[in-house]
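Undergrad: Have a look at the structure that comes next, please.
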Amino acid sequence: MKLLSFFALCFVYLFTLSNSFAQTNNDFKETESYEKVAQNFDNYFNNFDYDSIFEMFSYGMKKAMPLEETRLFLKNSYQQTGKIIKREFSRYEKGSYAVYKTKFEKGTAALNISVDNQCKINGLFIKPYEEITEIPTPERNQTKLILPFEGKWTVTWGGDTEKQNYHVESQSQKNAFDFLIMKNGKTYTTNAEKNEDYYAFGQEIFAPCDGEIVLSVDGIKDNKVGEVNNQFITGNTVILKTENNEYLFFAHLKQNSIKVKEGQKVKQGDGLALCGNSGHSTEPHLHFHIQNTENSNQATGIKCYFDKIIVDGKEKTDYSPIQNEVIEYSK
């Protein structure tokens, strides 16, 4: 039975705070706190104990959805769905929502619950359940890549260990690089007060291979040096999809410098944008990594090897650079 009328009437509540989710995705396994909350929700929902569900809410959730509204919402939901027969953890979405494939008496849907640090519900909604097919996770890129810039750049973060590369803790960015330009031990020319003082700022970023642009985000202001933008973490961003379904991710690009649009086909060496200082970035640099799908919430990072580059003055082929190496394009 389809629950079309239920989904049309279902109250969707999205209250999750950006800092409320302290747990990691834990390799997409359900955590004990989520399981306990979900079990209690099942029990209270099936026994019409809507006041107890209200008491599971966070302060902000209670304020935005008072008790009478909660009772009415849950009562109407039960009338449309019936009891919860079986609930199975599926995955996390948007960083904090545990998605449960839930069999109700009148159909199957996705029960999505978000929990804060105090194990209180701060996000709750029900929607049609969508199966997610497993995405291949290759260990390395198959597409031959050139460096996305000209001249000598320094790898400030790169490698397989946490000491070399703080990105390793992120599922999607675990093989990421941060590149900047350094001369005489400094990344800037004068007093380093403005973005324009930095060698990397405004440098052209090129397509490392042929592909299709699947994401193009522009218009985000470049930060003042030393400040960060936590609202738009990646800043101005481009994602390039290769013929091998690898997604090349370029972040912190300069405001209003994006030269490509979504759906556009590009060739190796085509200009994409200029290096900037937007998003969560304290100084101008390029963040670059490869992931196995466009959606970073579901993606796994792919280790990146460049076809031919010069590393500390010596040519290397099929090489993945590491922290503190100075690299440049080799024709």
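Numbering starts fresh at 1 for the residues of each chain in the structure tokens, the chains themselves are lettered A, B, ... in the order given, and ligands are numbered from 1 as they appear.
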Which parts of range 161-220 of chain A does DSSP call strand (DSSP E) when run on the backbone here, written out as number ranges by chain?
TA: A: 177-180, 204-206, 211-217
Undergrad: If you count only C-alpha atoms, which residues fall within 12 Å of Tyr44 in chain A, apart from same-chain ones fewer than 4 positions away, as a PDB file with N, CA and C atoms, in the first residue's frame?
TA:
ATOM      1  N   VAL A  37      17.388   5.531  21.291  1.00  0.00           N
ATOM      2  CA  VAL A  37      16.358   6.530  21.005  1.00  0.00           C
ATOM      3  C   VAL A  37      15.310   5.953  20.054  1.00  0.00           C
ATOM      4  N   ALA A  38      15.762   5.248  19.020  1.00  0.00           N
ATOM      5  CA  ALA A  38      14.835   4.681  18.044  1.00  0.00           C
ATOM      6  C   ALA A  38      13.929   3.627  18.678  1.00  0.00           C
ATOM      7  N   GLN A  39      14.485   2.800  19.544  1.00  0.00           N
ATOM      8  CA  GLN A  39      13.683   1.780  20.218  1.00  0.00           C
ATOM      9  C   GLN A  39      12.601   2.412  21.093  1.00  0.00           C
ATOM     10  N   ASN A  40      12.985   3.450  21.819  1.00  0.00           N
ATOM     11  CA  ASN A  40      12.009   4.142  22.663  1.00  0.00           C
ATOM     12  C   ASN A  40      10.920   4.793  21.819  1.00  0.00           C
ATOM     13  N   PHE A  48       0.765   4.855  21.664  1.00  0.00           N
ATOM     14  CA  PHE A  48       0.090   6.166  21.695  1.00  0.00           C
ATOM     15  C   PHE A  48       0.584   7.058  22.833  1.00  0.00           C
ATOM     16  N   ASP A  49       1.803   6.832  23.274  1.00  0.00           N
ATOM     17  CA  ASP A  49       2.358   7.622  24.383  1.00  0.00           C
ATOM     18  C   ASP A  49       3.113   8.812  23.797  1.00  0.00           C
ATOM     19  N   TYR A  50       2.379   9.759  23.264  1.00  0.00           N
ATOM     20  CA  TYR A  50       2.977  10.877  22.554  1.00  0.00           C
ATOM     21  C   TYR A  50       3.668  11.871  23.496  1.00  0.00           C
ATOM     22  N   ASP A  51       3.220  11.929  24.751  1.00  0.00           N
ATOM     23  CA  ASP A  51       3.869  12.823  25.712  1.00  0.00           C
ATOM     24  C   ASP A  51       5.296  12.362  25.994  1.00  0.00           C
ATOM     25  N   SER A  52       5.504  11.050  26.031  1.00  0.00           N
ATOM     26  CA  SER A  52       6.854  10.533  26.282  1.00  0.00           C
ATOM     27  C   SER A  52       7.774  10.823  25.099  1.00  0.00           C
ATOM     28  N   ILE A  53       7.228  10.777  23.886  1.00  0.00           N
ATOM     29  CA  ILE A  53       8.029  11.153  22.722  1.00  0.00           C
ATOM     30  C   ILE A  53       8.411  12.630  22.815  1.00  0.00           C
ATOM     31  N   PHE A  54       7.458  13.462  23.235  1.00  0.00           N
ATOM     32  CA  PHE A  54       7.756  14.891  23.405  1.00  0.00           C
ATOM     33  C   PHE A  54       8.898  15.093  24.395  1.00  0.00           C
ATOM     34  N   GLU A  55       8.922  14.308  25.460  1.00  0.00           N
ATOM     35  CA  GLU A  55       9.993  14.427  26.460  1.00  0.00           C
ATOM     36  C   GLU A  55      11.342  13.971  25.921  1.00  0.00           C
ATOM     37  N   MET A  56      11.350  13.265  24.794  1.00  0.00           N
ATOM     38  CA  MET A  56      12.614  12.864  24.163  1.00  0.00           C
ATOM     39  C   MET A  56      13.194  13.994  23.313  1.00  0.00           C
ATOM     40  N   ARG A  71       1.452  16.123  19.779  1.00  0.00           N
ATOM     41  CA  ARG A  71       0.383  15.123  19.912  1.00  0.00           C
ATOM     42  C   ARG A  71      -0.414  14.988  18.622  1.00  0.00           C
ATOM     43  N   LEU A  74       1.719  13.336  15.767  1.00  0.00           N
ATOM     44  CA  LEU A  74       1.927  11.895  15.951  1.00  0.00           C
ATOM     45  C   LEU A  74       0.619  11.122  15.824  1.00  0.00           C
ATOM     46  N   LYS A  75      -0.486  11.713  16.302  1.00  0.00           N
ATOM     47  CA  LYS A  75      -1.778  11.060  16.171  1.00  0.00           C
ATOM     48  C   LYS A  75      -2.167  10.907  14.705  1.00  0.00           C
ATOM     49  N   TYR A  78       0.017   8.271  13.035  1.00  0.00           N
ATOM     50  CA  TYR A  78      -0.383   6.905  13.357  1.00  0.00           C
ATOM     51  C   TYR A  78      -1.618   6.497  12.561  1.00  0.00           C
ATOM     52  N   LYS A  83       0.887   0.913  13.202  1.00  0.00           N
ATOM     53  CA  LYS A  83       2.019   0.622  14.072  1.00  0.00           C
ATOM     54  C   LYS A  83       3.312   0.387  13.284  1.00  0.00           C
ATOM     55  N   ILE A  84       4.411   0.559  13.997  1.00  0.00           N
ATOM     56  CA  ILE A  84       5.719   0.192  13.452  1.00  0.00           C
ATOM     57  C   ILE A  84       5.896  -1.311  13.653  1.00  0.00           C
TER      58      ILE A  84
END
Undergrad: Return the single residue from A:Glu328, A:Asp178, A:Asp116, A:Glu68 that is closest to Gly151 in chain A, with distances computed using only C-alpha atoms.
TA: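 For Gly151 in chain A, the nearest of the candidates is A:Glu328.
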Undergrad: Counting only C-alpha atoms, figure out which residue out of A:Leu286, A:Ile181, A:Leu253, A:Ile126 gets nearest to Trp153 in chain A.
TA: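 Of A:Leu286, A:Ile181, A:Leu253, A:Ile126, the one nearest Trp153 in chain A, counting only C-alpha atoms, is A:Ile181.
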Undergrad: As an exercise, work out the distance from CA of Val228 in chain A to CA of Thr282 in chain A in Å and give it to one decimal place.
TA: 5.7 Å
Undergrad: Record the distance separating CA of Ser296 in chain A and CA of Lys152 in chain A, expressed in Å with one decimal.
TA: 29.3 Å
Undergrad: Looking at only C-alpha atoms, which of A:Gly107, A:Gly301, A:Gly211, A:Gly123 is the one that sits closest to Gly60 in chain A?
TA: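 The shortest atom-to-atom distance to Gly60 in chain A comes from A:Gly123.
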Undergrad: Could you pull the residues within 12 Å of Phe201 in chain A, counting only C-alpha atoms, minus those fewer than 3 positions along the same chain, as a PyMOL selection string?
TA: chain A and resi 179-182+187-189+192+194-198+204-205+222-223+225+252-255+257+273-278+283-286
Undergrad: With N, CA, C and O atoms kept, could you save the residues just selected as a compact mmCIF listing (two decimals), in the first residue's frame?
TA:
# COMPACT_ATOMS: atom_id res chain seq x y z
N PHE A 179 47.24 22.64 -1.49
CA PHE A 179 48.38 23.16 -2.22
C PHE A 179 48.46 24.68 -2.04
O PHE A 179 47.44 25.38 -2.06
N LEU A 180 49.68 25.19 -1.89
CA LEU A 180 49.91 26.63 -1.89
C LEU A 180 51.27 26.92 -2.50
O LEU A 180 52.04 26.00 -2.81
N ILE A 181 51.53 28.18 -2.72
CA ILE A 181 52.82 28.58 -3.31
C ILE A 181 53.68 29.20 -2.23
O ILE A 181 53.24 30.10 -1.51
N MET A 182 54.92 28.73 -2.15
CA MET A 182 55.85 29.21 -1.13
C MET A 182 57.16 29.64 -1.77
O MET A 182 57.71 28.92 -2.61
N THR A 187 54.59 32.23 2.22
CA THR A 187 53.52 32.07 1.24
C THR A 187 53.00 33.40 0.73
O THR A 187 52.08 33.44 -0.08
N TYR A 188 53.61 34.49 1.17
CA TYR A 188 53.13 35.83 0.83
C TYR A 188 54.30 36.75 0.51
O TYR A 188 55.46 36.46 0.81
N THR A 189 53.97 37.89 -0.06
CA THR A 189 55.02 38.81 -0.53
C THR A 189 55.38 39.88 0.48
O THR A 189 56.56 40.12 0.72
N ALA A 192 51.27 40.25 4.44
CA ALA A 192 50.29 39.15 4.54
C ALA A 192 48.95 39.59 5.12
O ALA A 192 48.23 38.80 5.72
N LYS A 194 46.46 41.08 3.19
CA LYS A 194 45.44 40.96 2.16
C LYS A 194 45.64 39.68 1.36
O LYS A 194 46.75 39.16 1.24
N ASN A 195 44.55 39.17 0.79
CA ASN A 195 44.65 37.98 -0.05
C ASN A 195 45.61 38.18 -1.20
O ASN A 195 46.34 37.26 -1.59
N GLU A 196 45.63 39.40 -1.72
CA GLU A 196 46.51 39.71 -2.85
C GLU A 196 47.99 39.63 -2.50
O GLU A 196 48.85 39.57 -3.39
N ASP A 197 48.30 39.58 -1.21
CA ASP A 197 49.70 39.45 -0.78
C ASP A 197 50.22 38.03 -0.95
O ASP A 197 51.43 37.80 -0.86
N TYR A 198 49.31 37.08 -1.17
CA TYR A 198 49.68 35.67 -1.20
C TYR A 198 49.92 35.22 -2.64
O TYR A 198 49.17 35.53 -3.55
N GLU A 204 45.63 30.55 -11.83
CA GLU A 204 44.63 29.80 -12.59
C GLU A 204 44.67 28.31 -12.26
O GLU A 204 45.74 27.71 -12.13
N ILE A 205 43.47 27.75 -12.14
CA ILE A 205 43.30 26.32 -11.87
C ILE A 205 42.73 25.66 -13.12
O ILE A 205 41.75 26.13 -13.69
N ASP A 222 35.54 35.87 -0.67
CA ASP A 222 36.82 35.42 -0.12
C ASP A 222 36.97 35.96 1.29
O ASP A 222 36.57 37.10 1.59
N ASN A 223 37.55 35.16 2.16
CA ASN A 223 37.71 35.55 3.56
C ASN A 223 38.79 36.61 3.73
O ASN A 223 39.72 36.72 2.93
N VAL A 225 42.12 37.49 5.54
CA VAL A 225 43.19 36.59 5.96
C VAL A 225 43.07 36.28 7.46
O VAL A 225 42.91 37.19 8.28
N HIS A 252 37.62 26.22 -2.20
CA HIS A 252 38.19 27.50 -1.73
C HIS A 252 38.59 28.41 -2.90
O HIS A 252 39.53 29.21 -2.78
N LEU A 253 37.87 28.30 -4.00
CA LEU A 253 38.21 29.08 -5.19
C LEU A 253 37.81 30.55 -5.01
O LEU A 253 37.02 30.91 -4.14
N LYS A 254 38.37 31.40 -5.84
CA LYS A 254 38.16 32.84 -5.73
C LYS A 254 36.74 33.22 -6.15
O LYS A 254 36.20 32.69 -7.12
N GLN A 255 36.17 34.17 -5.42
CA GLN A 255 34.82 34.65 -5.72
C GLN A 255 34.72 35.17 -7.15
O GLN A 255 35.59 35.90 -7.64
N SER A 257 35.16 33.82 -9.95
CA SER A 257 36.21 33.42 -10.89
C SER A 257 35.88 32.13 -11.63
O SER A 257 36.64 31.70 -12.50
N ALA A 273 38.87 27.93 -12.87
CA ALA A 273 38.63 29.03 -11.94
C ALA A 273 39.99 29.58 -11.51
O ALA A 273 41.04 29.20 -12.05
N LEU A 274 39.96 30.46 -10.51
CA LEU A 274 41.19 31.00 -9.93
C LEU A 274 41.28 30.56 -8.46
O LEU A 274 40.27 30.40 -7.78
N CYS A 275 42.49 30.38 -8.01
CA CYS A 275 42.72 30.00 -6.61
C CYS A 275 42.27 31.15 -5.70
O CYS A 275 42.54 32.31 -5.97
N GLY A 276 41.56 30.81 -4.63
CA GLY A 276 41.04 31.84 -3.75
C GLY A 276 41.20 31.51 -2.28
O GLY A 276 42.04 30.69 -1.88
N ASN A 277 40.36 32.13 -1.48
CA ASN A 277 40.41 31.98 -0.03
C ASN A 277 38.99 32.01 0.53
O ASN A 277 38.69 32.73 1.48
N SER A 278 38.11 31.23 -0.06
CA SER A 278 36.71 31.19 0.36
C SER A 278 36.44 29.92 1.17
O SER A 278 37.16 28.93 1.07
N GLU A 283 43.99 31.11 4.58
CA GLU A 283 44.81 31.84 3.62
C GLU A 283 44.62 31.21 2.24
O GLU A 283 44.17 30.06 2.12
N PRO A 284 44.91 31.94 1.17
CA PRO A 284 44.70 31.42 -0.17
C PRO A 284 45.44 30.10 -0.42
O PRO A 284 46.65 30.00 -0.19
N HIS A 285 44.72 29.11 -0.90
CA HIS A 285 45.29 27.81 -1.25
C HIS A 285 44.25 27.03 -2.05
O HIS A 285 43.08 27.41 -2.12
N LEU A 286 44.66 25.93 -2.64
CA LEU A 286 43.76 25.04 -3.36
C LEU A 286 43.58 23.74 -2.59
O LEU A 286 44.56 23.07 -2.26
Undergrad: Do a neighbour search on range 161-174 of chain A at 9 Å with only C-alpha atoms, toss out local chain neighbours closer than 2 positions, and write the hits as a list in words.
TA: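 Non-adjacent residues within range: Asn25, Asp27, Thr156, Trp157, Gly158, Gly159, Ala176, Phe177, Asp178, Phe288, His289, Ile290, Gln291, Asn292, Ser296, Asn297, Gln298, Ala299, Thr300, Gly301, Ile302, Lys303, Ile322, Gln323 and Asn324 of chain A.
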Undergrad: For Ser58 in chain A, work out the shell of residues within 6 Å, counting only C-alpha atoms and skipping chain neighbours fewer than 2 positions away, then give it as a PyMOL selection string.
TA: chain A and resi 60-61+120-122
Undergrad: Would you save the residues of that selection, restricted to N, CA, C and O atoms, as a short mmCIF file (atom, residue, chain, number, x, y, z; two decimals), in the first residue's frame?
TA:
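Listed below is the output, result13.cif:
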data_model
loop_
_atom_site.label_atom_id
_atom_site.label_comp_id
_atom_site.auth_asym_id
_atom_site.auth_seq_id
_atom_site.Cartn_x
_atom_site.Cartn_y
_atom_site.Cartn_z
N GLY A 60 15.23 22.97 21.91
CA GLY A 60 14.86 23.70 20.71
C GLY A 60 13.70 23.06 19.97
O GLY A 60 12.83 23.74 19.42
N MET A 61 13.69 21.72 19.97
CA MET A 61 12.61 20.99 19.30
C MET A 61 11.28 21.23 20.02
O MET A 61 10.25 21.46 19.39
N LYS A 120 19.04 13.65 22.85
CA LYS A 120 17.71 14.20 22.65
C LYS A 120 17.44 14.34 21.15
O LYS A 120 18.34 14.70 20.38
N ILE A 121 16.20 14.09 20.75
CA ILE A 121 15.83 14.19 19.34
C ILE A 121 15.80 15.67 18.93
O ILE A 121 15.07 16.46 19.52
N ASN A 122 16.58 16.04 17.94
CA ASN A 122 16.53 17.41 17.43
C ASN A 122 16.20 17.45 15.93
O ASN A 122 16.33 18.48 15.28
#
